[in-house]
file coords33.cif (mmCIF, C-alpha atoms)
data_model
loop_
_atom_site.label_atom_id
_atom_site.label_comp_id
_atom_site.auth_asym_id
_atom_site.auth_seq_id
_atom_site.Cartn_x
_atom_site.Cartn_y
_atom_site.Cartn_z
CA MET Y 240 1.32 114.39 95.49
CA LYS Y 241 4.77 112.90 96.06
CA ARG Y 242 3.31 110.48 98.62
CA LEU Y 243 0.72 109.30 96.10
CA PHE Y 244 3.39 108.75 93.45
CA ILE Y 245 5.52 106.75 95.92
CA ILE Y 246 2.52 104.63 96.94
CA LEU Y 247 1.69 103.83 93.30
CA VAL Y 248 5.34 102.93 92.57
CA ILE Y 249 5.40 100.57 95.57
CA ILE Y 250 2.18 98.88 94.45
CA PHE Y 251 3.52 98.63 90.90
CA SER Y 252 6.81 97.09 92.09
CA TYR Y 253 4.99 94.66 94.39
CA GLY Y 254 2.78 93.58 91.50
CA LEU Y 255 5.85 92.95 89.33
CA ALA Y 256 7.42 90.70 91.96
CA PHE Y 257 4.17 88.91 92.80
CA SER Y 258 3.20 88.28 89.18
CA GLN Y 259 6.10 85.90 88.67
CA SER Y 260 4.03 82.95 89.96
CA GLY Y 261 0.66 81.48 88.95
CA THR Y 262 -1.05 80.83 85.61
CA ASP Y 263 -3.37 83.24 83.83
CA THR Y 264 -6.14 81.33 82.03
CA LEU Y 265 -8.41 84.27 81.20
CA HIS Y 266 -6.06 86.31 79.01
CA TYR Y 267 -4.17 83.68 77.01
CA LYS Y 268 -4.03 84.83 73.35
CA LYS Y 269 -6.74 87.43 74.02
CA VAL Y 270 -7.40 91.04 73.08
CA TYR Y 271 -9.81 93.04 75.25
CA TYR Y 272 -11.37 96.48 74.82
CA PHE Y 273 -11.77 98.63 77.94
CA ALA Y 274 -14.09 101.65 78.14
CA GLY Y 275 -14.20 103.63 81.35
CA THR Y 276 -15.68 106.76 82.85
CA GLY Y 277 -14.56 108.69 85.90
CA ILE Y 278 -12.76 111.83 86.94
CA GLY Y 279 -9.37 113.56 86.72
CA ILE Y 280 -8.26 115.18 89.99
CA PRO Y 281 -5.47 117.81 89.78
CA LEU Y 282 -2.80 117.51 92.48
CA GLY Y 283 -0.33 119.93 94.08
CA LYS Y 284 0.27 123.22 92.28
CA THR Y 285 -1.82 122.02 89.33
CA LYS Y 286 -4.84 122.99 91.45
CA ASN Y 287 -3.87 126.65 90.97
CA VAL Y 288 -5.07 126.33 87.38
CA LEU Y 289 -7.29 123.25 87.12
CA SER Y 290 -10.06 121.76 89.25
CA PRO Y 291 -12.10 118.54 88.78
CA LYS Y 292 -14.97 118.43 86.31
CA LEU Y 293 -17.31 115.49 85.65
CA PHE Y 294 -16.91 113.44 83.56
CA SER Y 295 -13.63 112.13 82.15
CA GLY Y 296 -13.31 108.96 80.12
CA SER Y 297 -10.90 106.41 78.71
CA MET Y 298 -10.79 103.75 76.03
CA GLY Y 299 -8.02 101.25 75.45
CA LEU Y 300 -6.88 97.83 74.31
CA ASP Y 301 -5.59 95.07 76.58
CA ILE Y 302 -3.29 93.09 74.26
CA THR Y 303 -1.88 89.94 75.84
CA LEU Y 304 1.76 89.10 75.13
CA LYS Y 305 3.17 85.59 74.71
CA ASN Y 306 3.38 85.29 78.48
CA PRO Y 307 -0.23 86.18 79.53
CA ARG Y 308 0.99 87.76 82.75
CA TYR Y 309 2.20 90.69 80.64
CA TYR Y 310 0.28 92.91 78.25
CA LEU Y 311 0.35 96.07 76.17
CA TYR Y 312 -2.13 98.77 77.10
CA PRO Y 313 -2.51 101.57 74.53
CA ALA Y 314 -5.24 103.87 75.82
CA LEU Y 315 -6.74 107.27 75.10
CA TYR Y 316 -7.77 109.46 78.05
CA LEU Y 317 -10.19 112.36 77.65
CA MET Y 318 -10.12 114.61 80.73
CA SER Y 319 -12.10 117.80 81.35
CA PHE Y 320 -11.25 120.40 83.99
CA ASN Y 321 -12.47 123.74 85.23
CA TYR Y 322 -9.81 126.32 84.33
CA ASN Y 323 -8.54 129.65 85.65
CA GLN Y 324 -6.06 131.65 83.54
CA LEU Y 325 -3.14 133.02 85.58
CA ILE Y 326 -0.77 134.46 82.96
CA ASP Y 327 -1.73 137.24 80.58
CA ASP Y 328 -1.63 136.21 76.91
CA ALA Y 329 -0.56 139.06 74.62
CA GLU Y 330 -2.77 137.74 71.80
CA TYR Y 331 -5.93 138.20 73.87
CA ASN Y 332 -7.32 141.17 75.82
CA ARG Y 333 -9.28 139.28 78.49
CA MET Y 334 -8.34 136.77 81.22
CA VAL Y 335 -10.48 133.65 81.61
CA GLU Y 336 -11.97 132.53 84.92
CA ASN Y 337 -14.17 129.44 85.40
CA GLY Y 338 -13.44 128.27 81.88
CA ARG Y 339 -12.97 124.73 80.62
CA SER Y 340 -9.76 122.92 79.66
CA THR Y 341 -9.61 119.53 77.94
CA PHE Y 342 -6.78 117.00 77.77
CA TYR Y 343 -6.56 114.30 75.10
CA MET Y 344 -3.73 112.01 76.23
CA LEU Y 345 -2.59 108.83 74.44
CA SER Y 346 -0.82 106.41 76.77
CA LEU Y 347 1.44 103.71 75.29
CA ALA Y 348 1.86 101.56 78.38
CA GLY Y 349 2.93 98.05 79.22
CA GLY Y 350 1.94 96.16 82.33
CA MET Y 351 1.60 92.97 84.29
CA ARG Y 352 -1.30 91.24 86.04
CA LYS Y 353 -2.17 88.51 88.50
CA GLN Y 354 -5.23 86.24 88.30
CA TYR Y 355 -7.20 85.08 91.35
CA ASP Y 356 -9.89 82.83 89.84
CA GLN Y 357 -12.24 85.40 88.19
CA LEU Y 358 -10.54 88.41 89.77
CA ASN Y 359 -7.52 90.10 88.16
CA THR Y 360 -5.21 92.77 89.54
CA TYR Y 361 -2.85 94.70 87.29
CA ALA Y 362 -0.34 97.53 87.05
CA TYR Y 363 0.94 99.51 84.05
CA LEU Y 364 3.48 102.19 83.15
CA GLY Y 365 4.29 104.02 79.94
CA PRO Y 366 4.87 107.31 78.09
CA THR Y 367 2.10 109.66 77.02
CA ILE Y 368 1.61 112.17 74.23
CA GLY Y 369 -1.39 114.36 73.76
CA LEU Y 370 -3.21 117.61 73.11
CA VAL Y 371 -4.08 120.21 75.74
CA ILE Y 372 -6.81 122.75 75.00
CA GLU Y 373 -6.98 126.00 77.03
CA PRO Y 374 -9.72 128.63 76.73
CA ARG Y 375 -8.98 132.21 75.70
CA ALA Y 376 -11.19 135.32 75.39
CA ASN Y 377 -11.19 138.55 73.38
CA ASP Y 378 -13.41 141.64 73.61
CA VAL Y 379 -14.70 142.37 70.12
CA GLY Y 380 -17.07 145.33 70.12
CA ASN Y 381 -19.70 144.62 72.75
CA LYS Y 382 -19.09 140.85 72.68
CA VAL Y 383 -16.68 138.48 74.37
CA ILE Y 384 -15.43 135.95 71.81
CA MET Y 385 -14.23 132.64 73.25
CA GLU Y 386 -11.43 130.74 71.47
CA SER Y 387 -9.30 127.67 72.13
CA LYS Y 388 -5.51 127.51 72.39
CA TYR Y 389 -3.89 124.16 71.51
CA SER Y 390 -0.56 122.76 72.67
CA MET Y 391 1.21 119.39 72.61
CA ALA Y 392 2.05 117.65 75.88
CA PHE Y 393 4.42 114.80 76.73
CA GLY Y 394 4.56 112.82 79.94
CA THR Y 395 4.07 109.48 81.62
CA LYS Y 396 1.17 107.44 83.02
CA LEU Y 397 1.36 104.98 85.92
CA GLY Y 398 -1.62 103.02 87.21
CA VAL Y 399 -3.01 100.08 89.16
CA GLY Y 400 -6.40 98.42 88.99
CA ALA Y 401 -8.56 95.33 89.20
CA ASP Y 402 -11.36 93.71 87.23
CA TYR Y 403 -13.75 90.82 87.81
CA LYS Y 404 -15.02 88.49 85.07
CA PHE Y 405 -18.75 88.03 84.75
CA LYS Y 406 -20.42 86.06 81.96
CA GLY Y 407 -19.35 87.79 78.76
CA PHE Y 408 -17.58 90.83 80.23
CA PHE Y 409 -15.32 92.21 82.96
CA LEU Y 410 -16.24 94.96 85.41
CA GLY Y 411 -13.14 96.93 86.35
CA ALA Y 412 -11.74 99.97 88.13
CA GLU Y 413 -8.33 101.64 88.00
CA MET Y 414 -6.46 104.48 89.64
CA GLY Y 415 -3.65 106.22 87.80
CA TYR Y 416 -1.18 109.07 87.98
CA LEU Y 417 -0.52 111.34 84.98
CA TYR Y 418 2.51 113.62 84.81
CA ASN Y 419 3.08 116.04 81.93
CA VAL Y 420 6.53 117.48 81.28
CA ASN Y 421 4.89 120.59 79.82
CA LYS Y 422 3.59 123.09 82.36
CA ILE Y 423 0.18 124.77 82.24
CA GLN Y 424 0.03 128.48 83.11
CA GLY Y 425 3.48 128.16 84.70
CA ASN Y 426 2.40 125.28 86.97
CA PRO Y 427 3.39 121.59 86.80
CA VAL Y 428 0.80 119.05 85.68
CA HIS Y 429 0.04 116.22 88.12
CA VAL Y 430 -3.33 114.47 87.79
CA LEU Y 431 -4.91 111.54 89.63
CA THR Y 432 -7.25 109.57 87.36
CA VAL Y 433 -10.02 107.32 88.70
CA MET Y 434 -11.91 105.20 86.15
CA VAL Y 435 -14.66 102.56 86.35
CA GLY Y 436 -15.76 100.63 83.29
CA LEU Y 437 -16.31 97.47 81.29
CA LYS Y 438 -13.82 95.24 79.48
CA SER Y 439 -14.98 92.97 76.68
CA ASP Y 440 -13.32 90.29 74.53
CA ILE Y 441 -12.71 91.46 70.93
CA THR Y 442 -10.24 88.73 69.96
CA ARG Y 443 -12.45 87.37 67.17
CA LEU Y 444 -13.00 90.85 65.78
CA GLY Y 445 -9.24 91.38 65.71
CA GLU Y 446 -8.72 88.08 63.93
CA LYS Y 447 -11.32 89.03 61.30
CA VAL Y 448 -9.58 92.37 60.68
CA VAL Y 449 -6.26 90.58 60.23
CA ASP Y 450 -7.86 88.12 57.80
CA ILE Y 451 -9.26 91.01 55.75
CA LEU Y 452 -6.00 92.99 55.69
CA LEU Y 453 -3.70 89.97 55.33
CA PRO Y 454 -5.72 87.17 53.72
CA SER Y 455 -4.19 83.72 53.82
CA LYS Y 456 -3.24 82.22 50.48
#

call {"tool": "encode", "arguments": {"input": "coords33.cif", "output": "structure tokens"}}
result
Amino acid sequence: MKRLFIILVIIFSYGLAFSQSGTDTLHYKKVYYFAGTGIGIPLGKTKNVLSPKLFSGSMGLDITLKNPRYYLYPALYLMSFNYNQLIDDAEYNRMVENGRSTFYMLSLAGGMRKQYDQLNTYAYLGPTIGLVIEPRANDVGNKVIMESKYSMAFGTKLGVGADYKFKGFFLGAEMGYLYNVNKIQGNPVHVLTVMVGLKSDITRLGEKVVDILLPSK
């Protein structure tokens, strides 16, 4: 897990240094919407509690800054995992095995990119806040009643990726690392995210929304 984090940091740092040259002609004054699907892979001690479950997903906005080499990347990640309860919960009389846990994590990242004709490479980093749902179970009479336990989580998201522009859309893939400060069942949370998806230009839609909300006199 530590090796993966170091590798991603090196790639991120290299991208920052390398992005200082060249001109980006695809993202100038643009806003893109990215929708991806993939998988979240628990790392290290996180695997004591969570294991991969298909599918996870993401949706986010690629908002170009004044210098098109840099952008804002707010994104929502929905990740599902198989779940094993390790610590007894006094509010419930049964332990859960082979349950399901869901993470809803909002990443507020910033990043940089480099254009190679129609191909773009990028890296991003930012804080996260989200909701973690864990399963719980109670014996009630002759039934087992399943419930959900909710908790807030704070952390950070680091990632690298690439996309290629076709006529009217981009096809892209990214690999990221999610770390939550909050533990789950006494174990740290380290997750590798792998997403593949499409990115489309919504600049005109954004301009129309602005015109509706803030009409020119």

call {"tool": "resolve_selection", "arguments": {"input": "coords33.cif", "expression": "the PyMOL selection byres ((chain Y and resi 424) around 10)", "output": "PyMOL selection string"}}
result
chain Y and resi 285+287-289+323-327+373+421-423+425-428

call {"tool": "write_last_selection", "arguments": {"input": "coords33.cif", "atoms": "C-alpha atoms", "output": "mmCIF file, in the coordinates of the input"}}
result
data_model
loop_
_atom_site.group_PDB
_atom_site.id
_atom_site.type_symbol
_atom_site.label_atom_id
_atom_site.label_comp_id
_atom_site.auth_asym_id
_atom_site.auth_seq_id
_atom_site.Cartn_x
_atom_site.Cartn_y
_atom_site.Cartn_z
ATOM 1 C CA THR Y 285 -1.820 122.020 89.330
ATOM 2 C CA ASN Y 287 -3.870 126.650 90.970
ATOM 3 C CA VAL Y 288 -5.070 126.330 87.380
ATOM 4 C CA LEU Y 289 -7.290 123.250 87.120
ATOM 5 C CA ASN Y 323 -8.540 129.650 85.650
ATOM 6 C CA GLN Y 324 -6.060 131.650 83.540
ATOM 7 C CA LEU Y 325 -3.140 133.020 85.580
ATOM 8 C CA ILE Y 326 -0.770 134.460 82.960
ATOM 9 C CA ASP Y 327 -1.730 137.240 80.580
ATOM 10 C CA GLU Y 373 -6.980 126.000 77.030
ATOM 11 C CA ASN Y 421 4.890 120.590 79.820
ATOM 12 C CA LYS Y 422 3.590 123.090 82.360
ATOM 13 C CA ILE Y 423 0.180 124.770 82.240
ATOM 14 C CA GLY Y 425 3.480 128.160 84.700
ATOM 15 C CA ASN Y 426 2.400 125.280 86.970
ATOM 16 C CA PRO Y 427 3.390 121.590 86.800
ATOM 17 C CA VAL Y 428 0.800 119.050 85.680
#

call {"tool": "closest_residue", "arguments": {"input": "coords33.cif", "among": "Y:Thr367, Y:Asn419, Y:Asn306, Y:Ser340", "to": "Arg352 of chain Y", "atoms": "all atoms listed in the file"}}
result
Y:Asn306

call {"tool": "resolve_selection", "arguments": {"input": "coords33.cif", "expression": "the PyMOL selection byres ((chain Y and resi 303) around 9)", "output": "list in words"}}
result
His266, Tyr267, Lys268, Lys269, Val270, Tyr271, Asp301, Ile302, Leu304, Lys305, Asn306, Pro307, Arg308, Tyr309, Tyr310, Leu311 and Tyr312 of chain Y

call {"tool": "atom_distance", "arguments": {"input": "coords33.cif", "atom1": "atom CA of Thr432 of chain Y", "atom2": "atom CA of Ile280 of chain Y"}}
result
6.3 Å

call {"tool": "resolve_selection", "arguments": {"input": "coords33.cif", "expression": "the PyMOL selection byres ((chain Y and resi 441) around 8)", "output": "list in words"}}
result
Lys269, Val270, Tyr271, Tyr272, Ser439, Asp440, Thr442, Arg443, Leu444 and Gly445 of chain Y

call {"tool": "write_last_selection", "arguments": {"input": "coords33.cif", "atoms": "C-alpha atoms", "output": "PDB file, in the coordinates of the input"}}
result
ATOM      1  CA  LYS Y 269      -6.740  87.430  74.020  1.00  0.00           C
ATOM      2  CA  VAL Y 270      -7.400  91.040  73.080  1.00  0.00           C
ATOM      3  CA  TYR Y 271      -9.810  93.040  75.250  1.00  0.00           C
ATOM      4  CA  TYR Y 272     -11.370  96.480  74.820  1.00  0.00           C
ATOM      5  CA  SER Y 439     -14.980  92.970  76.680  1.00  0.00           C
ATOM      6  CA  ASP Y 440     -13.320  90.290  74.530  1.00  0.00           C
ATOM      7  CA  THR Y 442     -10.240  88.730  69.960  1.00  0.00           C
ATOM      8  CA  ARG Y 443     -12.450  87.370  67.170  1.00  0.00           C
ATOM      9  CA  LEU Y 444     -13.000  90.850  65.780  1.00  0.00           C
ATOM     10  CA  GLY Y 445      -9.240  91.380  65.710  1.00  0.00           C
TER      11      GLY Y 445
END

call {"tool": "atom_distance", "arguments": {"input": "coords33.cif", "atom1": "atom CA of Gly279 of chain Y", "atom2": "atom CA of Gly365 of chain Y"}}
result
18.0 Å

call {"tool": "residues_around", "arguments": {"input": "coords33.cif", "residues": "Tyr418 of chain Y", "least_positions_apart": "2", "cutoff": "12 Å", "atoms": "all atoms listed in the file", "output": "VMD selection string"}}
result
chain Y and resid 240 to 241 244 281 to 283 285 344 346 364 to 369 392 to 398 415 to 416 420 to 423 426 to 432

call {"tool": "atom_distance", "arguments": {"input": "coords33.cif", "atom1": "atom CA of Ser390 of chain Y", "atom2": "atom CA of Arg375 of chain Y"}}
result
13.0 Å

call {"tool": "residues_near_point", "arguments": {"input": "coords33.cif", "point": "(-12.5, 140.7, 77.3)", "cutoff": "9 Å", "atoms": "all atoms listed in the file", "output": "PDB file with C-alpha atoms, in the coordinates of the input"}}
result
ATOM      1  CA  TYR Y 331      -5.930 138.200  73.870  1.00  0.00           C
ATOM      2  CA  ASN Y 332      -7.320 141.170  75.820  1.00  0.00           C
ATOM      3  CA  ARG Y 333      -9.280 139.280  78.490  1.00  0.00           C
ATOM      4  CA  MET Y 334      -8.340 136.770  81.220  1.00  0.00           C
ATOM      5  CA  VAL Y 335     -10.480 133.650  81.610  1.00  0.00           C
ATOM      6  CA  ALA Y 376     -11.190 135.320  75.390  1.00  0.00           C
ATOM      7  CA  ASN Y 377     -11.190 138.550  73.380  1.00  0.00           C
ATOM      8  CA  ASP Y 378     -13.410 141.640  73.610  1.00  0.00           C
ATOM      9  CA  VAL Y 379     -14.700 142.370  70.120  1.00  0.00           C
ATOM     10  CA  LYS Y 382     -19.090 140.850  72.680  1.00  0.00           C
ATOM     11  CA  VAL Y 383     -16.680 138.480  74.370  1.00  0.00           C
ATOM     12  CA  ILE Y 384     -15.430 135.950  71.810  1.00  0.00           C
TER      13      ILE Y 384
END

call {"tool": "closest_residue", "arguments": {"input": "coords33.cif", "among": "Y:Phe408, Y:Asp328, Y:Tyr316, Y:Leu345", "to": "Met391 of chain Y", "atoms": "only C-alpha atoms"}}
result
Y:Leu345

call {"tool": "residues_near_point", "arguments": {"input": "coords33.cif", "point": "(-12.9, 110.3, 78.2)", "cutoff": "12 Å", "atoms": "all atoms listed in the file", "output": "PDB file with C-alpha atoms, keeping the file's coordinate frame"}}
result
ATOM      1  CA  PHE Y 273     -11.770  98.630  77.940  1.00  0.00           C
ATOM      2  CA  ALA Y 274     -14.090 101.650  78.140  1.00  0.00           C
ATOM      3  CA  GLY Y 275     -14.200 103.630  81.350  1.00  0.00           C
ATOM      4  CA  THR Y 276     -15.680 106.760  82.850  1.00  0.00           C
ATOM      5  CA  GLY Y 277     -14.560 108.690  85.900  1.00  0.00           C
ATOM      6  CA  ILE Y 278     -12.760 111.830  86.940  1.00  0.00           C
ATOM      7  CA  GLY Y 279      -9.370 113.560  86.720  1.00  0.00           C
ATOM      8  CA  LYS Y 292     -14.970 118.430  86.310  1.00  0.00           C
ATOM      9  CA  LEU Y 293     -17.310 115.490  85.650  1.00  0.00           C
ATOM     10  CA  PHE Y 294     -16.910 113.440  83.560  1.00  0.00           C
ATOM     11  CA  SER Y 295     -13.630 112.130  82.150  1.00  0.00           C
ATOM     12  CA  GLY Y 296     -13.310 108.960  80.120  1.00  0.00           C
ATOM     13  CA  SER Y 297     -10.900 106.410  78.710  1.00  0.00           C
ATOM     14  CA  MET Y 298     -10.790 103.750  76.030  1.00  0.00           C
ATOM     15  CA  GLY Y 299      -8.020 101.250  75.450  1.00  0.00           C
ATOM     16  CA  ALA Y 314      -5.240 103.870  75.820  1.00  0.00           C
ATOM     17  CA  LEU Y 315      -6.740 107.270  75.100  1.00  0.00           C
ATOM     18  CA  TYR Y 316      -7.770 109.460  78.050  1.00  0.00           C
ATOM     19  CA  LEU Y 317     -10.190 112.360  77.650  1.00  0.00           C
ATOM     20  CA  MET Y 318     -10.120 114.610  80.730  1.00  0.00           C
ATOM     21  CA  SER Y 319     -12.100 117.800  81.350  1.00  0.00           C
ATOM     22  CA  PHE Y 320     -11.250 120.400  83.990  1.00  0.00           C
ATOM     23  CA  THR Y 341      -9.610 119.530  77.940  1.00  0.00           C
ATOM     24  CA  PHE Y 342      -6.780 117.000  77.770  1.00  0.00           C
ATOM     25  CA  TYR Y 343      -6.560 114.300  75.100  1.00  0.00           C
ATOM     26  CA  MET Y 344      -3.730 112.010  76.230  1.00  0.00           C
ATOM     27  CA  LEU Y 345      -2.590 108.830  74.440  1.00  0.00           C
ATOM     28  CA  THR Y 432      -7.250 109.570  87.360  1.00  0.00           C
ATOM     29  CA  VAL Y 433     -10.020 107.320  88.700  1.00  0.00           C
ATOM     30  CA  MET Y 434     -11.910 105.200  86.150  1.00  0.00           C
ATOM     31  CA  VAL Y 435     -14.660 102.560  86.350  1.00  0.00           C
ATOM     32  CA  GLY Y 436     -15.760 100.630  83.290  1.00  0.00           C
TER      33      GLY Y 436
END

call {"tool": "closest_residue", "arguments": {"input": "coords33.cif", "among": "Y:Ala329, Y:Leu437, Y:Ala348, Y:Leu300", "to": "Asp402 of chain Y", "atoms": "all atoms listed in the file"}}
result
Y:Leu437

call {"tool": "decode", "arguments": {"input": "coords33.cif", "residues": "segment 314-389 of chain Y", "atoms": "C-alpha atoms", "output": "short mmCIF file (atom, residue, chain, number, x, y, z; two decimals), in the first residue's frame"}}
result
data_model
loop_
_atom_site.label_atom_id
_atom_site.label_comp_id
_atom_site.auth_asym_id
_atom_site.auth_seq_id
_atom_site.Cartn_x
_atom_site.Cartn_y
_atom_site.Cartn_z
CA ALA Y 314 -16.34 14.37 -8.17
CA LEU Y 315 -18.65 11.95 -6.38
CA TYR Y 316 -17.49 8.34 -5.94
CA LEU Y 317 -19.93 5.54 -5.16
CA MET Y 318 -18.07 2.41 -4.03
CA SER Y 319 -19.54 -0.93 -2.96
CA PHE Y 320 -17.67 -3.59 -0.98
CA ASN Y 321 -18.26 -6.98 0.55
CA TYR Y 322 -18.14 -6.55 4.34
CA ASN Y 323 -17.25 -8.62 7.39
CA GLN Y 324 -18.02 -7.23 10.87
CA LEU Y 325 -15.12 -7.67 13.32
CA ILE Y 326 -16.21 -5.70 16.39
CA ASP Y 327 -19.34 -6.47 18.38
CA ASP Y 328 -21.88 -3.63 18.38
CA ALA Y 329 -23.80 -3.40 21.66
CA GLU Y 330 -26.92 -2.13 19.85
CA TYR Y 331 -27.20 -5.35 17.83
CA ASN Y 332 -27.24 -9.03 18.82
CA ARG Y 333 -25.78 -10.54 15.65
CA MET Y 334 -22.46 -10.15 13.79
CA VAL Y 335 -22.55 -9.67 10.01
CA GLU Y 336 -20.52 -11.77 7.59
CA ASN Y 337 -20.58 -11.41 3.79
CA GLY Y 338 -22.62 -8.22 4.05
CA ARG Y 339 -22.41 -5.11 1.91
CA SER Y 340 -20.87 -1.72 2.71
CA THR Y 341 -21.25 1.40 0.58
CA PHE Y 342 -19.11 4.54 0.44
CA TYR Y 343 -20.38 7.86 -0.94
CA MET Y 344 -17.29 10.09 -1.14
CA LEU Y 345 -17.22 13.66 -2.49
CA SER Y 346 -13.76 14.69 -3.69
CA LEU Y 347 -12.93 18.40 -4.04
CA ALA Y 348 -9.72 18.08 -6.02
CA GLY Y 349 -7.54 20.26 -8.18
CA GLY Y 350 -5.18 19.02 -10.84
CA MET Y 351 -3.00 19.58 -13.86
CA ARG Y 352 -2.83 18.01 -17.32
CA LYS Y 353 -0.68 17.71 -20.42
CA GLN Y 354 -1.99 17.53 -24.00
CA TYR Y 355 -0.41 15.35 -26.70
CA ASP Y 356 -2.54 16.13 -29.78
CA GLN Y 357 -5.83 14.30 -28.97
CA LEU Y 358 -4.41 12.48 -25.94
CA ASN Y 359 -4.40 14.07 -22.47
CA THR Y 360 -2.71 12.90 -19.28
CA TYR Y 361 -3.63 14.36 -15.90
CA ALA Y 362 -3.14 14.17 -12.16
CA TYR Y 363 -5.27 15.46 -9.26
CA LEU Y 364 -5.24 15.76 -5.48
CA GLY Y 365 -7.76 17.01 -2.95
CA PRO Y 366 -9.74 16.44 0.27
CA THR Y 367 -12.76 14.18 0.55
CA ILE Y 368 -15.86 14.06 2.70
CA GLY Y 369 -18.51 11.41 2.59
CA LEU Y 370 -20.90 8.88 4.05
CA VAL Y 371 -20.01 5.29 4.96
CA ILE Y 372 -22.79 2.73 5.34
CA GLU Y 373 -22.15 -0.50 7.29
CA PRO Y 374 -24.63 -3.38 7.65
CA ARG Y 375 -25.95 -4.50 11.03
CA ALA Y 376 -28.25 -7.38 12.07
CA ASN Y 377 -30.66 -8.12 14.91
CA ASP Y 378 -32.54 -11.30 15.84
CA VAL Y 379 -36.20 -10.36 16.28
CA GLY Y 380 -38.31 -13.42 17.06
CA ASN Y 381 -37.56 -15.97 14.36
CA LYS Y 382 -36.29 -13.35 11.90
CA VAL Y 383 -32.98 -11.63 11.26
CA ILE Y 384 -33.62 -7.93 10.62
CA MET Y 385 -30.95 -6.15 8.57
CA GLU Y 386 -30.25 -2.45 9.23
CA SER Y 387 -27.74 0.15 8.09
CA LYS Y 388 -25.34 2.14 10.27
CA TYR Y 389 -24.24 5.54 8.90
#
